[in-house]
file my_file.pdb (PDB, C-alpha atoms, pLDDT in the B column)
ATOM      1  CA  MET A   1      98.498  91.991  97.917  1.00 92.00           C
ATOM      2  CA  ILE A   2      99.925  95.408  98.746  1.00 95.00           C
ATOM      3  CA  ASN A   3      97.462  96.962  96.302  1.00 96.00           C
ATOM      4  CA  LEU A   4      94.564  95.564  98.323  1.00 96.00           C
ATOM      5  CA  LEU A   5      96.096  96.906 101.522  1.00 96.00           C
ATOM      6  CA  LEU A   6      96.532 100.362 100.021  1.00 97.00           C
ATOM      7  CA  LEU A   7      93.017 100.263  98.635  1.00 97.00           C
ATOM      8  CA  GLY A   8      91.711  99.399 102.111  1.00 96.00           C
ATOM      9  CA  VAL A   9      93.602 102.307 103.668  1.00 93.00           C
ATOM     10  CA  VAL A  10      92.265 104.704 101.046  1.00 95.00           C
ATOM     11  CA  MET A  11      88.721 103.448 101.560  1.00 96.00           C
ATOM     12  CA  LEU A  12      89.031 103.929 105.325  1.00 94.00           C
ATOM     13  CA  ALA A  13      90.328 107.468 104.808  1.00 93.00           C
ATOM     14  CA  VAL A  14      87.504 108.346 102.418  1.00 96.00           C
ATOM     15  CA  GLY A  15      84.946 106.818 104.772  1.00 96.00           C
ATOM     16  CA  GLY A  16      86.380 108.824 107.658  1.00 95.00           C
ATOM     17  CA  CYS A  17      86.154 112.041 105.643  1.00 95.00           C
ATOM     18  CA  VAL A  18      82.541 111.289 104.760  1.00 96.00           C
ATOM     19  CA  CYS A  19      81.775 110.711 108.433  1.00 96.00           C
ATOM     20  CA  VAL A  20      83.399 114.028 109.384  1.00 96.00           C
ATOM     21  CA  LEU A  21      81.227 115.868 106.878  1.00 96.00           C
ATOM     22  CA  TRP A  22      78.109 113.974 107.943  1.00 96.00           C
ATOM     23  CA  ALA A  23      78.811 114.634 111.620  1.00 96.00           C
ATOM     24  CA  GLU A  24      79.014 118.376 110.917  1.00 95.00           C
ATOM     25  CA  HIS A  25      75.427 118.189 109.725  1.00 94.00           C
ATOM     26  CA  GLY A  26      74.237 116.302 112.801  1.00 92.00           C
ATOM     27  CA  GLY A  27      74.614 112.660 111.869  1.00 92.00           C
ATOM     28  CA  PRO A  28      73.926 109.721 114.169  1.00 96.00           C
ATOM     29  CA  ARG A  29      76.050 109.015 117.232  1.00 96.00           C
ATOM     30  CA  TRP A  30      78.225 106.369 115.563  1.00 96.00           C
ATOM     31  CA  VAL A  31      79.089 108.827 112.769  1.00 96.00           C
ATOM     32  CA  ARG A  32      80.223 111.378 115.334  1.00 96.00           C
ATOM     33  CA  ARG A  33      82.413 108.734 116.994  1.00 96.00           C
ATOM     34  CA  VAL A  34      84.023 107.768 113.695  1.00 95.00           C
ATOM     35  CA  ALA A  35      84.547 111.449 112.887  1.00 96.00           C
ATOM     36  CA  THR A  36      86.242 111.990 116.251  1.00 96.00           C
ATOM     37  CA  VAL A  37      88.579 109.045 115.665  1.00 95.00           C
ATOM     38  CA  THR A  38      89.335 110.277 112.143  1.00 95.00           C
ATOM     39  CA  LEU A  39      90.174 113.776 113.320  1.00 96.00           C
ATOM     40  CA  ALA A  40      92.347 112.431 116.146  1.00 96.00           C
ATOM     41  CA  ALA A  41      94.246 110.190 113.725  1.00 94.00           C
ATOM     42  CA  SER A  42      94.804 113.083 111.330  1.00 93.00           C
ATOM     43  CA  GLU A  43      96.140 115.207 114.187  1.00 95.00           C
ATOM     44  CA  LEU A  44      98.599 112.440 115.135  1.00 94.00           C
ATOM     45  CA  VAL A  45      99.817 112.198 111.546  1.00 92.00           C
ATOM     46  CA  ARG A  46     100.191 115.975 111.331  1.00 93.00           C
ATOM     47  CA  ARG A  47     102.236 116.111 114.545  1.00 93.00           C
ATOM     48  CA  SER A  48     104.511 113.267 113.463  1.00 91.00           C
ATOM     49  CA  GLN A  49     105.158 115.018 110.142  1.00 88.00           C
ATOM     50  CA  LYS A  50     106.089 118.241 111.953  1.00 84.00           C
ATOM     51  CA  ARG A  51     108.521 116.357 114.191  1.00 84.00           C
ATOM     52  CA  ARG A  52     110.045 114.587 111.204  1.00 82.00           C
ATOM     53  CA  ARG A  53     110.476 117.874 109.321  1.00 80.00           C
ATOM     54  CA  ARG A  54     112.138 119.492 112.329  1.00 78.00           C
ATOM     55  CA  SER A  55     114.600 116.641 112.710  1.00 78.00           C
ATOM     56  CA  VAL A  56     115.450 116.739 108.996  1.00 75.00           C
ATOM     57  CA  ASP A  57     115.942 120.511 109.119  1.00 72.00           C
ATOM     58  CA  ARG A  58     118.345 120.171 112.054  1.00 71.00           C
ATOM     59  CA  THR A  59     120.464 117.504 110.375  1.00 73.00           C
ATOM     60  CA  THR A  60     120.683 119.313 107.019  1.00 71.00           C
ATOM     61  CA  SER A  61     121.378 122.824 108.345  1.00 67.00           C
ATOM     62  CA  GLY A  62     123.760 121.800 111.127  1.00 58.00           C
ATOM     63  CA  GLY A  63     126.697 121.020 108.821  1.00 52.00           C
ATOM     64  CA  ASP A  64     127.625 124.574 107.782  1.00 52.00           C
TER      65      ASP A  64
END
call {"tool": "encode", "arguments": {"input": "my_file.pdb", "output": "structure tokens"}}
result
Amino acid sequence: MINLLLLGVVMLAVGGCVCVLWAEHGGPRWVRRVATVTLAASELVRRSQKRRRRSVDRTTSGGD
């Protein structure tokens, strides 16, 4: 069951990347919307990873 869920997530990510590339070349309106959502989601993931790294760095370097 988890394999199907992971496969679905991967397919959504690949589809989003395809839409981003298609939108760069002037795709239809719905492709541009999907590309915008994909880029916004990737930005949220990137920011959360930066926050997580900062919190880990503080906890590991604060002991000495």
call {"tool": "residues_around", "arguments": {"input": "my_file.pdb", "residues": "Ala23 of chain A", "least_positions_apart": "3", "cutoff": "12 Å", "atoms": "all atoms listed in the file", "output": "count of residues only"}}
result
19
call {"tool": "atom_distance", "arguments": {"input": "my_file.pdb", "atom1": "atom CA of Ser42 of chain A", "atom2": "atom CA of Ala13 of chain A"}}
result
9.7 Å
call {"tool": "atom_distance", "arguments": {"input": "my_file.pdb", "atom1": "atom CA of Asn3 of chain A", "atom2": "atom CA of Ala41 of chain A"}}
result
22.1 Å
call {"tool": "atom_distance", "arguments": {"input": "my_file.pdb", "atom1": "atom CA of Val9 of chain A", "atom2": "atom CA of Ser48 of chain A"}}
result
18.3 Å
call {"tool": "axis_aligned_box", "arguments": {"input": "my_file.pdb", "around": "segment 45-49 of chain A", "padding_each_side": "5 Å", "output": "AutoDock Vina command-line options"}}
result
--center_x 102.5 --center_y 114.2 --center_z 112.3 --size_x 15.3 --size_y 13.9 --size_z 14.4
